[in-house]
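Raw contents of coords_38.cif, mmCIF, C-alpha atoms and all ligand atoms:
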data_data
loop_
_atom_site.label_atom_id
_atom_site.label_comp_id
_atom_site.auth_asym_id
_atom_site.auth_seq_id
_atom_site.Cartn_x
_atom_site.Cartn_y
_atom_site.Cartn_z
CA MET Y 210 -16.18 15.39 6.04
CA GLU Y 211 -14.10 12.34 5.31
CA PRO Y 212 -16.24 9.24 4.92
CA LEU Y 213 -13.19 6.99 4.74
CA ARG Y 214 -12.06 7.66 8.26
CA GLN Y 215 -15.52 7.05 9.71
CA LEU Y 216 -15.79 3.75 7.91
CA ALA Y 217 -12.29 2.69 8.98
CA LYS Y 218 -13.11 3.49 12.62
CA ASP Y 219 -16.35 1.53 12.51
CA LYS Y 220 -14.64 -1.45 10.91
CA LEU Y 221 -12.26 -1.74 13.86
CA SER Y 222 -14.57 -0.82 16.71
CA GLY Y 223 -15.04 -3.53 19.32
CA LYS Y 224 -12.13 -5.58 17.97
CA ARG Y 225 -8.79 -6.49 19.48
CA VAL Y 226 -6.22 -4.62 17.43
CA TYR Y 227 -2.47 -5.30 17.41
CA ALA Y 228 0.14 -3.36 15.50
CA VAL Y 229 3.40 -5.14 14.79
CA MET Y 230 6.23 -2.65 14.40
CA SER Y 231 10.00 -2.54 14.27
CA ALA Y 232 12.51 0.24 14.58
CA LYS Y 233 14.52 -0.94 11.58
CA GLY Y 234 14.16 -3.33 8.68
CA GLY Y 235 15.55 -6.84 8.48
CA VAL Y 236 14.48 -8.01 11.94
CA GLY Y 237 11.93 -10.48 10.62
CA LYS Y 238 8.89 -8.35 11.43
CA SER Y 239 6.65 -9.65 8.64
CA VAL Y 240 7.52 -13.28 9.39
CA ILE Y 241 6.65 -12.71 13.04
CA SER Y 242 3.42 -10.89 12.11
CA SER Y 243 2.37 -13.80 9.93
CA LEU Y 244 3.20 -16.40 12.58
CA LEU Y 245 1.42 -14.34 15.23
CA ALA Y 246 -1.75 -14.13 13.12
CA LEU Y 247 -1.60 -17.88 12.49
CA THR Y 248 -1.00 -18.57 16.19
CA ILE Y 249 -3.83 -16.37 17.45
CA GLY Y 250 -6.20 -17.80 14.84
CA ASN Y 251 -9.37 -16.24 13.39
CA THR Y 252 -7.41 -13.06 12.75
CA THR Y 253 -7.40 -10.54 9.94
CA LEU Y 254 -3.83 -9.68 9.02
CA ILE Y 255 -3.58 -6.33 7.27
CA ASP Y 256 -0.35 -5.55 5.48
CA LEU Y 257 0.33 -1.84 5.85
CA ASP Y 258 3.96 -2.14 4.84
CA ILE Y 259 2.96 -0.84 1.45
CA HIS Y 260 6.47 -0.65 0.04
CA THR Y 261 7.59 -4.21 0.56
CA MET Y 262 4.22 -6.01 0.74
CA ALA Y 263 6.09 -9.01 2.18
CA ILE Y 264 3.05 -10.71 3.71
CA PRO Y 265 1.60 -12.03 0.42
CA LYS Y 266 5.04 -13.37 -0.52
CA LEU Y 267 5.33 -15.23 2.78
CA PHE Y 268 1.96 -16.92 2.23
CA GLY Y 269 2.56 -17.61 -1.46
CA LEU Y 270 -0.15 -15.18 -2.58
CA GLU Y 271 1.95 -13.12 -4.99
CA GLY Y 272 0.15 -11.82 -8.03
CA LYS Y 273 -3.31 -12.71 -6.68
CA LEU Y 274 -5.99 -10.04 -6.72
CA HIS Y 275 -8.60 -9.50 -4.02
CA GLU Y 276 -12.19 -10.22 -4.91
CA VAL Y 277 -14.70 -7.46 -4.30
CA THR Y 278 -18.23 -8.02 -3.06
CA LYS Y 279 -20.96 -5.90 -1.48
CA ASN Y 280 -19.07 -6.33 1.78
CA GLY Y 281 -15.95 -4.78 0.34
CA ILE Y 282 -12.50 -6.08 -0.47
CA GLU Y 283 -12.52 -9.78 0.42
CA PRO Y 284 -9.36 -10.93 2.25
CA PHE Y 285 -7.39 -13.95 1.07
CA GLU Y 286 -8.16 -16.85 3.38
CA VAL Y 287 -5.38 -19.12 4.57
CA LYS Y 288 -6.48 -21.51 7.30
CA THR Y 289 -8.26 -19.23 9.78
CA THR Y 290 -6.14 -16.22 8.85
CA LYS Y 291 -7.57 -13.55 6.55
CA ILE Y 292 -5.05 -11.48 4.68
CA VAL Y 293 -5.46 -8.03 3.18
CA SER Y 294 -2.67 -6.40 1.24
CA LEU Y 295 -2.33 -3.56 -1.20
CA SER Y 296 -0.58 -6.06 -3.46
CA GLY Y 297 -3.99 -7.67 -3.92
CA ILE Y 298 -5.07 -4.42 -5.56
CA VAL Y 299 -2.02 -3.33 -7.52
CA LYS Y 300 -0.69 -6.83 -8.34
CA ASP Y 301 3.04 -6.72 -9.03
CA ASN Y 302 3.15 -3.03 -9.88
CA TYR Y 303 5.51 -0.94 -7.83
CA VAL Y 304 3.97 1.56 -5.46
CA ILE Y 305 5.63 4.93 -5.36
CA LEU Y 306 3.69 7.60 -3.55
CA PRO Y 307 4.06 11.02 -2.00
CA GLY Y 308 3.78 10.86 1.80
CA GLU Y 309 0.33 12.38 2.11
CA ASN Y 310 -1.09 9.79 -0.28
CA GLN Y 311 0.23 6.95 1.84
CA SER Y 312 -2.04 7.69 4.79
CA SER Y 313 -5.01 7.96 2.49
CA ILE Y 314 -4.22 4.58 0.93
CA MET Y 315 -3.85 2.95 4.33
CA GLU Y 316 -7.11 4.40 5.52
CA SER Y 317 -8.89 3.14 2.39
CA LEU Y 318 -7.39 -0.31 2.78
CA ILE Y 319 -8.88 -0.57 6.27
CA ALA Y 320 -12.15 1.16 5.41
CA TYR Y 321 -12.98 -0.93 2.36
CA SER Y 322 -11.89 -4.35 3.60
CA HIS Y 323 -14.36 -6.95 4.77
CA ILE Y 324 -13.26 -7.56 8.35
CA ASP Y 325 -15.29 -10.18 10.21
CA SER Y 326 -12.79 -11.53 12.75
CA ASN Y 327 -12.53 -10.45 16.38
CA THR Y 328 -8.81 -9.84 16.11
CA VAL Y 329 -7.05 -7.57 13.63
CA LEU Y 330 -3.28 -7.53 13.31
CA PHE Y 331 -1.44 -4.86 11.35
CA ASP Y 332 2.00 -5.31 9.88
CA LEU Y 333 3.57 -1.84 9.78
CA SER Y 334 6.61 -0.73 7.85
CA PRO Y 335 9.81 -0.17 9.85
CA GLY Y 336 10.36 3.02 11.79
CA LEU Y 337 7.97 5.75 12.84
CA GLY Y 338 5.91 6.23 9.73
CA ASP Y 339 2.51 7.53 8.75
CA GLU Y 340 0.89 4.20 9.60
CA ILE Y 341 1.21 4.80 13.32
CA LEU Y 342 -0.51 8.16 12.98
CA VAL Y 343 -3.23 6.64 10.81
CA LEU Y 344 -3.85 3.88 13.36
CA GLU Y 345 -3.86 6.31 16.27
CA ARG Y 346 -6.59 8.31 14.56
CA ILE Y 347 -8.89 5.36 14.06
CA THR Y 348 -8.32 2.81 16.82
CA ASP Y 349 -6.85 1.99 20.21
CA PHE Y 350 -4.23 -0.63 19.40
CA THR Y 351 -1.69 -2.69 21.31
CA PRO Y 352 1.81 -2.25 19.91
CA ILE Y 353 4.08 -5.24 19.50
CA VAL Y 354 7.66 -4.21 18.75
CA VAL Y 355 9.87 -6.76 16.99
CA THR Y 356 13.61 -6.35 17.38
CA THR Y 357 16.80 -8.40 17.46
CA PRO Y 358 19.35 -8.58 20.28
CA SER Y 359 22.08 -6.76 18.31
CA LYS Y 360 23.45 -3.56 19.84
CA ILE Y 361 22.30 -1.35 16.98
CA SER Y 362 18.75 -2.75 17.11
CA LYS Y 363 18.57 -2.15 20.82
CA ARG Y 364 19.54 1.47 20.40
CA VAL Y 365 17.12 2.25 17.57
CA VAL Y 366 14.23 0.47 19.21
CA ASP Y 367 14.52 2.78 22.21
CA TYR Y 368 13.13 5.81 20.41
CA LEU Y 369 10.15 3.82 19.19
CA ILE Y 370 9.38 2.66 22.72
CA ARG Y 371 9.82 6.21 24.00
CA TYR Y 372 7.29 7.51 21.49
CA LEU Y 373 4.76 4.79 22.30
CA ARG Y 374 5.06 5.36 26.06
CA GLU Y 375 4.61 9.08 25.53
CA ARG Y 376 1.38 8.23 23.73
CA GLY Y 377 0.25 6.18 26.72
CA LYS Y 378 0.91 2.77 25.20
CA GLU Y 379 2.93 -0.04 26.71
CA PRO Y 380 4.57 -1.98 23.88
CA LYS Y 381 5.19 -5.71 24.08
CA ILE Y 382 8.74 -6.44 22.97
CA LEU Y 383 9.48 -9.54 20.90
CA VAL Y 384 13.17 -10.28 20.43
CA ASN Y 385 13.67 -12.29 17.26
CA LEU Y 386 16.79 -14.48 16.83
CA ALA Y 387 17.42 -14.17 20.57
CA TYR Y 388 18.86 -17.58 21.35
CA MET Y 389 19.63 -21.08 20.13
CA ASP Y 390 18.36 -24.13 21.90
CA CYS Y 391 21.10 -26.75 21.61
CA ASP Y 392 19.57 -29.89 23.14
CA GLY Y 393 18.16 -28.00 26.08
CA LYS Y 394 21.17 -25.72 26.48
CA VAL Y 395 20.30 -22.10 25.75
CA VAL Y 396 22.98 -20.18 23.86
CA LYS Y 397 22.62 -16.42 23.34
CA PRO Y 398 25.00 -15.54 20.49
CA PHE Y 399 24.20 -11.81 20.69
CA GLY Y 400 24.22 -11.56 24.46
CA GLU Y 401 21.48 -10.62 26.90
CA TYR Y 402 18.31 -8.80 25.86
CA GLU Y 403 15.13 -7.28 27.26
CA GLY Y 404 11.78 -8.59 26.15
CA PHE Y 405 10.28 -11.89 25.11
CA GLY Y 406 12.94 -13.92 23.28
CA LEU Y 407 12.29 -16.08 20.22
CA PRO Y 408 14.65 -18.91 19.24
CA ILE Y 409 16.71 -19.09 16.05
CA ASP Y 410 15.27 -21.71 13.70
CA PRO Y 411 17.34 -22.28 10.54
CA ASN Y 412 14.44 -24.28 9.06
CA LEU Y 413 12.13 -21.28 9.02
CA GLU Y 414 13.76 -20.12 5.75
CA ASP Y 415 12.26 -23.14 4.00
CA TYR Y 416 8.76 -21.91 4.72
CA ILE Y 417 8.94 -18.62 2.85
CA GLY Y 418 6.00 -18.85 0.46
CA ARG Y 419 4.15 -21.34 2.66
CA ILE Y 420 4.52 -19.86 6.14
CA GLN Y 421 1.10 -21.30 7.02
CA ASP Y 422 2.68 -24.79 7.10
CA TYR Y 423 5.37 -23.91 9.62
CA GLU Y 424 4.93 -25.58 13.00
CA GLY Y 425 8.46 -25.27 14.41
CA ILE Y 426 10.03 -23.90 17.58
CA VAL Y 427 9.40 -20.20 16.82
CA LYS Y 428 5.68 -20.83 16.57
CA GLU Y 429 5.76 -22.94 19.74
CA LYS Y 430 7.34 -20.02 21.57
CA LEU Y 431 4.83 -17.57 20.08
CA LYS Y 432 2.01 -19.65 21.55
CA GLU Y 433 3.43 -18.80 24.98
CA PHE Y 434 3.62 -15.13 24.05
CA VAL Y 435 0.05 -15.06 22.76
CA GLN Y 436 -1.20 -16.53 26.06
CA LYS Y 437 0.09 -13.44 27.83
CA LEU Y 438 -1.47 -10.91 25.45
CA MET O 58 -19.35 -3.85 -6.21
CA HIS O 59 -17.06 -1.37 -4.53
CA GLU O 60 -19.87 1.21 -4.74
CA TRP O 61 -21.56 -0.56 -1.81
CA SER O 62 -18.59 0.19 0.43
CA VAL O 63 -18.64 3.81 -0.65
CA ALA O 64 -22.38 4.11 0.08
CA ASP O 65 -21.76 2.50 3.47
CA ALA O 66 -19.03 5.03 4.21
CA VAL O 67 -21.25 7.97 3.26
CA ILE O 68 -24.19 6.77 5.36
CA ARG O 69 -22.06 6.07 8.43
CA THR O 70 -20.44 9.47 8.20
CA VAL O 71 -23.74 11.33 7.94
CA LEU O 72 -25.32 9.29 10.75
CA ASN O 73 -22.35 10.00 12.94
CA TRP O 74 -22.61 13.70 12.14
CA ALA O 75 -26.38 13.81 12.67
CA ASP O 76 -25.90 12.14 16.06
CA ASP O 77 -29.22 12.35 17.92
CA LYS O 78 -30.34 15.65 16.41
CA LYS O 79 -34.02 15.86 15.53
CA ILE O 80 -33.45 16.30 11.81
CA LYS O 81 -34.35 14.72 8.53
CA VAL O 82 -31.60 14.56 5.94
CA LYS O 83 -32.97 15.52 2.53
CA LYS O 84 -29.88 15.41 0.38
CA VAL O 85 -26.22 14.47 0.53
CA VAL O 86 -23.74 15.81 -2.00
CA LEU O 87 -20.74 13.56 -2.49
CA GLY O 88 -17.64 14.70 -4.34
CA VAL O 89 -15.61 11.94 -5.98
CA PRO O 90 -12.56 12.10 -8.25
CA SER O 91 -13.73 11.40 -11.80
CA PHE O 92 -10.99 8.87 -12.49
CA SER O 93 -12.30 6.58 -9.77
CA PHE O 94 -15.02 5.65 -12.30
CA LEU O 95 -17.62 4.95 -9.63
CA ASP O 96 -20.87 3.75 -11.14
CA VAL O 97 -23.44 6.35 -10.02
CA GLU O 98 -26.42 4.06 -10.65
CA ILE O 99 -25.05 1.30 -8.43
CA LEU O 100 -23.93 3.84 -5.83
CA LYS O 101 -27.44 5.33 -5.62
CA GLU O 102 -29.06 1.92 -5.49
CA ALA O 103 -26.77 0.91 -2.63
CA PHE O 104 -27.39 4.21 -0.84
CA ASP O 105 -31.19 3.81 -1.15
CA MET O 106 -31.03 0.25 0.18
CA MET O 107 -28.87 1.06 3.16
CA LYS O 108 -30.40 4.38 4.24
CA LYS O 109 -33.69 2.84 5.41
CA ASP O 110 -35.00 3.42 8.93
CA SER O 111 -32.65 6.24 9.72
CA VAL O 112 -32.56 10.04 9.55
CA LEU O 113 -31.46 9.46 5.97
CA ASP O 114 -34.72 7.73 5.06
CA GLU O 115 -35.78 10.51 2.68
CA ALA O 116 -32.32 11.52 1.58
CA GLU O 117 -31.28 11.77 -2.03
CA LEU O 118 -27.66 11.18 -3.01
CA GLU O 119 -26.09 13.57 -5.47
CA VAL O 120 -22.68 12.70 -6.90
CA ARG O 121 -20.40 15.39 -8.23
CA PHE O 122 -17.37 14.27 -10.15
CA LYS O 123 -14.26 16.32 -9.53
CA ASP O 124 -11.68 16.56 -12.29
CA PRO O 125 -8.36 16.73 -10.51
CA LYS O 126 -5.54 19.02 -11.57
CA PHE O 127 -2.13 17.41 -11.62
CA LYS O 128 1.16 19.11 -10.98
CA CYS O 129 4.58 17.62 -11.50
CA LYS O 130 6.99 18.43 -8.71
CA ASN O 131 9.94 17.42 -10.86
CA CYS O 132 9.49 19.74 -13.86
CA GLY O 133 6.83 22.04 -12.41
CA LYS O 134 4.34 21.65 -15.27
CA GLU O 135 0.63 21.31 -14.69
CA PHE O 136 -1.59 18.94 -16.60
CA SER O 137 -5.18 17.74 -16.73
CA LEU O 138 -6.87 14.38 -16.65
CA ASN O 139 -7.23 14.56 -20.41
CA ASP O 140 -3.45 14.71 -20.82
CA VAL O 141 -3.04 11.34 -19.09
CA LYS O 142 -6.18 9.65 -20.40
CA ASP O 143 -4.15 7.01 -22.30
CA GLN O 144 -2.31 6.04 -19.13
CA ILE O 145 -5.52 5.69 -17.14
CA ASP O 146 -7.15 3.69 -19.93
CA SER O 147 -4.24 1.27 -20.03
CA VAL O 148 -4.45 0.65 -16.27
CA ARG O 149 -8.18 0.04 -16.64
CA SER O 150 -7.67 -2.41 -19.45
CA GLU O 151 -5.04 -4.27 -17.44
CA PHE O 152 -7.18 -4.61 -14.31
CA GLY O 153 -10.75 -4.32 -15.55
CA GLU O 154 -13.68 -2.89 -13.63
CA GLU O 155 -12.16 -3.09 -10.15
CA TYR O 156 -9.01 -1.27 -11.10
CA PRO O 157 -6.72 0.21 -8.42
CA MET O 158 -7.76 3.88 -8.63
CA HIS O 159 -11.39 2.81 -8.37
CA PHE O 160 -10.73 1.94 -4.71
CA MET O 161 -7.98 4.37 -3.99
CA PRO O 162 -7.73 7.48 -6.10
CA ALA O 163 -4.67 8.38 -4.03
CA LEU O 164 -2.82 5.57 -5.85
CA ALA O 165 -2.78 7.74 -8.98
CA PRO O 166 0.87 8.88 -8.68
CA SER O 167 1.94 5.24 -8.76
CA PHE O 168 0.25 4.63 -12.09
CA ILE O 169 0.48 8.03 -13.73
CA LYS O 170 3.62 9.65 -15.05
CA CYS O 171 4.09 13.31 -15.89
CA PRO O 172 3.42 13.56 -19.66
CA TYR O 173 6.30 16.04 -19.98
CA CYS O 174 9.19 14.50 -18.04
CA GLY O 175 8.00 11.02 -17.04
CA SER O 176 8.29 11.60 -13.28
CA HIS O 177 5.95 9.93 -10.76
CA ASP O 178 6.45 12.84 -8.37
CA ILE O 179 2.95 14.15 -8.92
CA VAL O 180 0.56 16.06 -6.71
CA LEU O 181 -3.18 15.98 -7.22
CA GLU O 182 -5.78 18.37 -6.02
CA SER O 183 -9.01 16.89 -4.69
CA GLN O 184 -8.16 13.22 -4.91
CA ASP O 185 -10.14 12.18 -1.87
CA MET O 186 -13.81 11.39 -1.66
CA THR O 187 -15.62 14.06 0.38
CA ILE O 188 -19.11 14.90 1.56
CA ASP O 189 -19.42 18.47 0.38
CA GLU O 190 -22.98 19.36 1.34
CA ILE O 191 -25.82 18.04 3.46
CA GLN O 192 -29.36 19.37 3.16
CA VAL O 193 -31.45 18.90 6.31
CA GLU O 194 -34.96 19.65 7.48
CA GLU O 195 -35.18 20.83 11.05
CA ASN O 196 -38.48 22.00 12.60
CA GLY O 197 -40.00 22.29 9.15
CA THR O 198 -37.28 24.45 7.60
CA VAL O 199 -34.82 23.17 5.04
CA LYS O 200 -31.25 24.37 5.21
CA THR O 201 -28.01 23.42 3.54
CA VAL O 202 -24.93 22.68 5.58
CA SER O 203 -21.75 23.12 3.62
CA GLN O 204 -18.94 20.80 4.58
CA GLY O 205 -16.31 22.39 2.36
ZN ZN Y 501 7.29 16.57 -15.11
#
Same coordinates, now as structure tokens:
Amino acid sequence: MEPLRQLAKDKLSGKRVYAVMSAKGGVGKSVISSLLALTIGNTTLIDLDIHTMAIPKLFGLEGKLHEVTKNGIEPFEVKTTKIVSLSGIVKDNYVILPGENQSSIMESLIAYSHIDSNTVLFDLSPGLGDEILVLERITDFTPIVVTTPSKISKRVVDYLIRYLRERGKEPKILVNLAYMDCDGKVVKPFGEYEGFGLPIDPNLEDYIGRIQDYEGIVKEKLKEFVQKL
Amino acid sequence: MHEWSVADAVIRTVLNWADDKKIKVKKVVLGVPSFSFLDVEILKEAFDMMKKDSVLDEAELEVRFKDPKFKCKNCGKEFSLNDVKDQIDSVRSEFGEEYPMHFMPALAPSFIKCPYCGSHDIVLESQDMTIDEIQVEENGTVKTVSQG
């Protein structure tokens, strides 16, 4: 018997669980995950992208270690968002692992974390990796697929959507960098797209390391998206 | 403090397994990788606190440490925990009590290099925590259920 899996299942039972995925890297998935968690509020954001561990960098939590209590690994608290990342366990060490170990690590991260919010949001690494299988084993989640309107993104995102539909899930599609709002005039530099579009905000760059302070147009638009969830 | 989470995991797993069966659990045998350095005293204390008012009320927790065998996929050589003791000690001194492999023994390949060729491409046997045996009393008879 595997006690880890049981504990992980129990930790997520009765909660609203979202999994933020992308078909390829560089579409701004972790930024969107962070902003989504901040927008929803009272959410535990669990960073399962164990190779980049971008979430702590976005919030300025690099090099910080998680505290451990009787309740388990205590998340970092930023406003009403609680953040759990493997980087809070390994610090700035690189993580290089055989595939089968990765699922075990992800399961432990969920099982041992102190999760006391009603909503849990997972940031997954790009592509169809072990994380999706791990999550499918322990919880019924709603997938949110982040993509960009470029032709290549559209093509690679299709297989991800196909897989999710085959597994009986209807993904919500968030199109990052979809349009520019020039004084009320909407310009789509990459053409038309399917899904919920997010505007381009050049100022967002300035908030890397303090994403919790960002209140710009992307977050405004995400509020609309969250209403529909 | 991590021992409390482990005890919680063990209890939940056994309760889930016992379901609504009319049994009394007498003993649970837990196998843990030795390099996770779980404190058995704290683990038992946590187990005894959390088992109350359940089929585990009278259960004793036995912990068996498993010494993993390592194999390097790069050069093919096998090695033991003893061969990489220095490496494990240095991780423990960097992080202290709550060091990474304490929570996640599966992190070992990230922190341990093959002592022969330096590769991180390492496989470990029995790195996960497992419940290996449960002793139960049912209608007055005691039997052991192996979970191997
Ligand atoms: Zn080697």
- Item | Nearby residues (all atoms listed in the file) at most 10 Å from O:Trp61, same-chain spacing under 6 positions excluded, as a ChimeraX atom specification | /Y:278-281,321 /O:67,99-104,106-107
Writing out the chosen residues with C-alpha atoms as a PDB file, in the frame of the given file:
ATOM      1  CA  THR Y 278     -18.230  -8.020  -3.060  1.00  0.00           C
ATOM      2  CA  LYS Y 279     -20.960  -5.900  -1.480  1.00  0.00           C
ATOM      3  CA  ASN Y 280     -19.070  -6.330   1.780  1.00  0.00           C
ATOM      4  CA  GLY Y 281     -15.950  -4.780   0.340  1.00  0.00           C
ATOM      5  CA  TYR Y 321     -12.980  -0.930   2.360  1.00  0.00           C
TER       6      TYR Y 321
ATOM      7  CA  VAL O  67     -21.250   7.970   3.260  1.00  0.00           C
ATOM      8  CA  ILE O  99     -25.050   1.300  -8.430  1.00  0.00           C
ATOM      9  CA  LEU O 100     -23.930   3.840  -5.830  1.00  0.00           C
ATOM     10  CA  LYS O 101     -27.440   5.330  -5.620  1.00  0.00           C
ATOM     11  CA  GLU O 102     -29.060   1.920  -5.490  1.00  0.00           C
ATOM     12  CA  ALA O 103     -26.770   0.910  -2.630  1.00  0.00           C
ATOM     13  CA  PHE O 104     -27.390   4.210  -0.840  1.00  0.00           C
ATOM     14  CA  MET O 106     -31.030   0.250   0.180  1.00  0.00           C
ATOM     15  CA  MET O 107     -28.870   1.060   3.160  1.00  0.00           C
TER      16      MET O 107
END
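For ligand ZN 501 (chain Y), the neighbouring protein, DNA and RNA residues, which are those within 12 Å when all atoms listed in the file are counted, are Phe127, Lys128, Cys129, Lys130, Asn131, Cys132, Gly133, Lys134, Glu135, Phe136, Pro166, Ile169, Lys170, Cys171, Pro172, Tyr173, Cys174, Gly175, Ser176, His177, Asp178, Ile179 and Val180 of chain O.
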Chain Y residues near chain O within 9 Å, closest pair each, using only C-alpha atoms, as a tab-separated table:
residue	atom	partner	partner_atom	distance
Y:Met210	CA	O:Ile188	CA	5.4
Y:Glu211	CA	O:Thr187	CA	5.4
Y:Pro212	CA	O:Ala66	CA	5.1
Y:Leu213	CA	O:Ala66	CA	6.2
Y:Arg214	CA	O:Ala66	CA	8.5
Y:Gln215	CA	O:Thr70	CA	5.7
Y:Leu216	CA	O:Ala66	CA	5.1
Y:Ala217	CA	O:Ala66	CA	8.6
Y:Asp219	CA	O:Arg69	CA	8.4
Y:Glu276	CA	O:Glu155	CA	8.8
Y:Val277	CA	O:Met58	CA	6.2
Y:Thr278	CA	O:Met58	CA	5.3
Y:Lys279	CA	O:Trp61	CA	5.4
Y:Asn280	CA	O:Ser62	CA	6.7
Y:Gly281	CA	O:Ser62	CA	5.6
Y:Ile282	CA	O:His59	CA	7.7
Y:Ile298	CA	O:Pro157	CA	5.7
Y:Val299	CA	O:Pro157	CA	6.0
Y:Asn302	CA	O:Ser167	CA	8.4
Y:Tyr303	CA	O:Ser167	CA	7.2
Y:Val304	CA	O:Ser167	CA	5.3
Y:Ile305	CA	O:Ser167	CA	5.0
Y:Leu306	CA	O:Ser167	CA	6.0
Y:Pro307	CA	O:Asp178	CA	7.0
Y:Glu309	CA	O:Ala163	CA	8.9
Y:Asn310	CA	O:Ala163	CA	5.4
Y:Gln311	CA	O:Ala163	CA	7.8
Y:Ser313	CA	O:Ala163	CA	6.5
Y:Ile314	CA	O:Met161	CA	6.2
Y:Ser317	CA	O:Met161	CA	6.6
Y:Leu318	CA	O:Met161	CA	8.3
Y:Ala320	CA	O:Ala66	CA	8.0
Y:Tyr321	CA	O:Ser62	CA	6.0
Y:Ser322	CA	O:Ser62	CA	8.7
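Among Y:His260, Y:Arg225, Y:Lys437, Y:Lys266, the residue with the shortest atom-to-atom distance to Y:Ile417, counting all atoms listed in the file, is Y:Lys266.
The nearest approach to Y:Thr261 among the residues Y:Asp325, Y:Leu247, Y:Lys224, Y:Pro335, with all atoms listed in the file taken into account, belongs to Y:Pro335.
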- Skip Y:Ile361 itself and residues of its chain fewer than 2 positions away, then list as number ranges by chain all residues within 12 Å of it, counting only C-alpha atoms. Y: 232-234, 236, 356-359, 363-367, 399
Once 5 Å is added on each side, what are the centre and the three edge lengths, in Å to one decimal, of the axis-aligned box enclosing the listed atoms of stretch 119-138 of chain O? Present them as lines of an AutoDock Vina configuration file.
center_x = -8.1
center_y = 17.4
center_z = -11.1
size_x = 46.0
size_y = 19.3
size_z = 21.3
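With atom CA of Y:Ile259 on one side and atom CA of Y:Ser334 on the other, the separation reads 7.4 Å.
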- Task: Name the residues in contact with stretch 237-244 of chain Y at a cut-off of 8 Å, using only C-alpha atoms, excluding same-chain residues fewer than 6 positions from it; report them as a list in words.
- Result: Val229, Met230, Ser231, Leu254, Ala263, Ile264, Leu267, Leu330, Phe331, Asp332, Val355, Thr356, Asn385, Ile420, Gln421, Lys428 and Leu431 of chain Y
Produce a file of the selected residues containing C-alpha atoms, as a compact mmCIF listing (two decimals), in the coordinates of the input.
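Once everything was written out, this is selection.txt:
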# COMPACT_ATOMS: atom_id res chain seq x y z
CA VAL Y 229 3.40 -5.14 14.79
CA MET Y 230 6.23 -2.65 14.40
CA SER Y 231 10.00 -2.54 14.27
CA LEU Y 254 -3.83 -9.68 9.02
CA ALA Y 263 6.09 -9.01 2.18
CA ILE Y 264 3.05 -10.71 3.71
CA LEU Y 267 5.33 -15.23 2.78
CA LEU Y 330 -3.28 -7.53 13.31
CA PHE Y 331 -1.44 -4.86 11.35
CA ASP Y 332 2.00 -5.31 9.88
CA VAL Y 355 9.87 -6.76 16.99
CA THR Y 356 13.61 -6.35 17.38
CA ASN Y 385 13.67 -12.29 17.26
CA ILE Y 420 4.52 -19.86 6.14
CA GLN Y 421 1.10 -21.30 7.02
CA LYS Y 428 5.68 -20.83 16.57
CA LEU Y 431 4.83 -17.57 20.08
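Residues of protein, DNA or RNA having at least one counted atom within 6 Å of (-1.5, 1.5, 13.5), given only C-alpha atoms, are Y:Ala228, Y:Glu340, Y:Ile341, Y:Leu344.
With all atoms listed in the file taken into account, the protein and nucleic acid residues at most 10 Å from O:Leu72 (excluding it and anything under 4 positions from it in its own chain) are Val67, Ile68, Asp76, Asp77, Lys78, Val82, Lys108, Ser111, Val112 and Leu113 of chain O.
Residue nearest Y:Asp256 within the list Y:Gly235, Y:Gly297, Y:Gly377, Y:Gly269: Y:Gly297 [criterion: smallest interatomic distance, only C-alpha atoms].
As for atom CA of O:Phe122 and atom CA of O:Glu182, they are spaced 13.0 Å apart.
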Write out as an mmCIF file with C-alpha atoms, in the frame of the given file the residues lying within 9 Å of O:Phe94, counting all atoms listed in the file and excluding same-chain residues fewer than 2 positions away.
data_model
loop_
_atom_site.group_PDB
_atom_site.id
_atom_site.type_symbol
_atom_site.label_atom_id
_atom_site.label_comp_id
_atom_site.auth_asym_id
_atom_site.auth_seq_id
_atom_site.Cartn_x
_atom_site.Cartn_y
_atom_site.Cartn_z
ATOM 1 C CA VAL O 89 -15.610 11.940 -5.980
ATOM 2 C CA PRO O 90 -12.560 12.100 -8.250
ATOM 3 C CA SER O 91 -13.730 11.400 -11.800
ATOM 4 C CA PHE O 92 -10.990 8.870 -12.490
ATOM 5 C CA ASP O 96 -20.870 3.750 -11.140
ATOM 6 C CA VAL O 97 -23.440 6.350 -10.020
ATOM 7 C CA GLU O 154 -13.680 -2.890 -13.630
ATOM 8 C CA MET O 158 -7.760 3.880 -8.630
ATOM 9 C CA HIS O 159 -11.390 2.810 -8.370
#
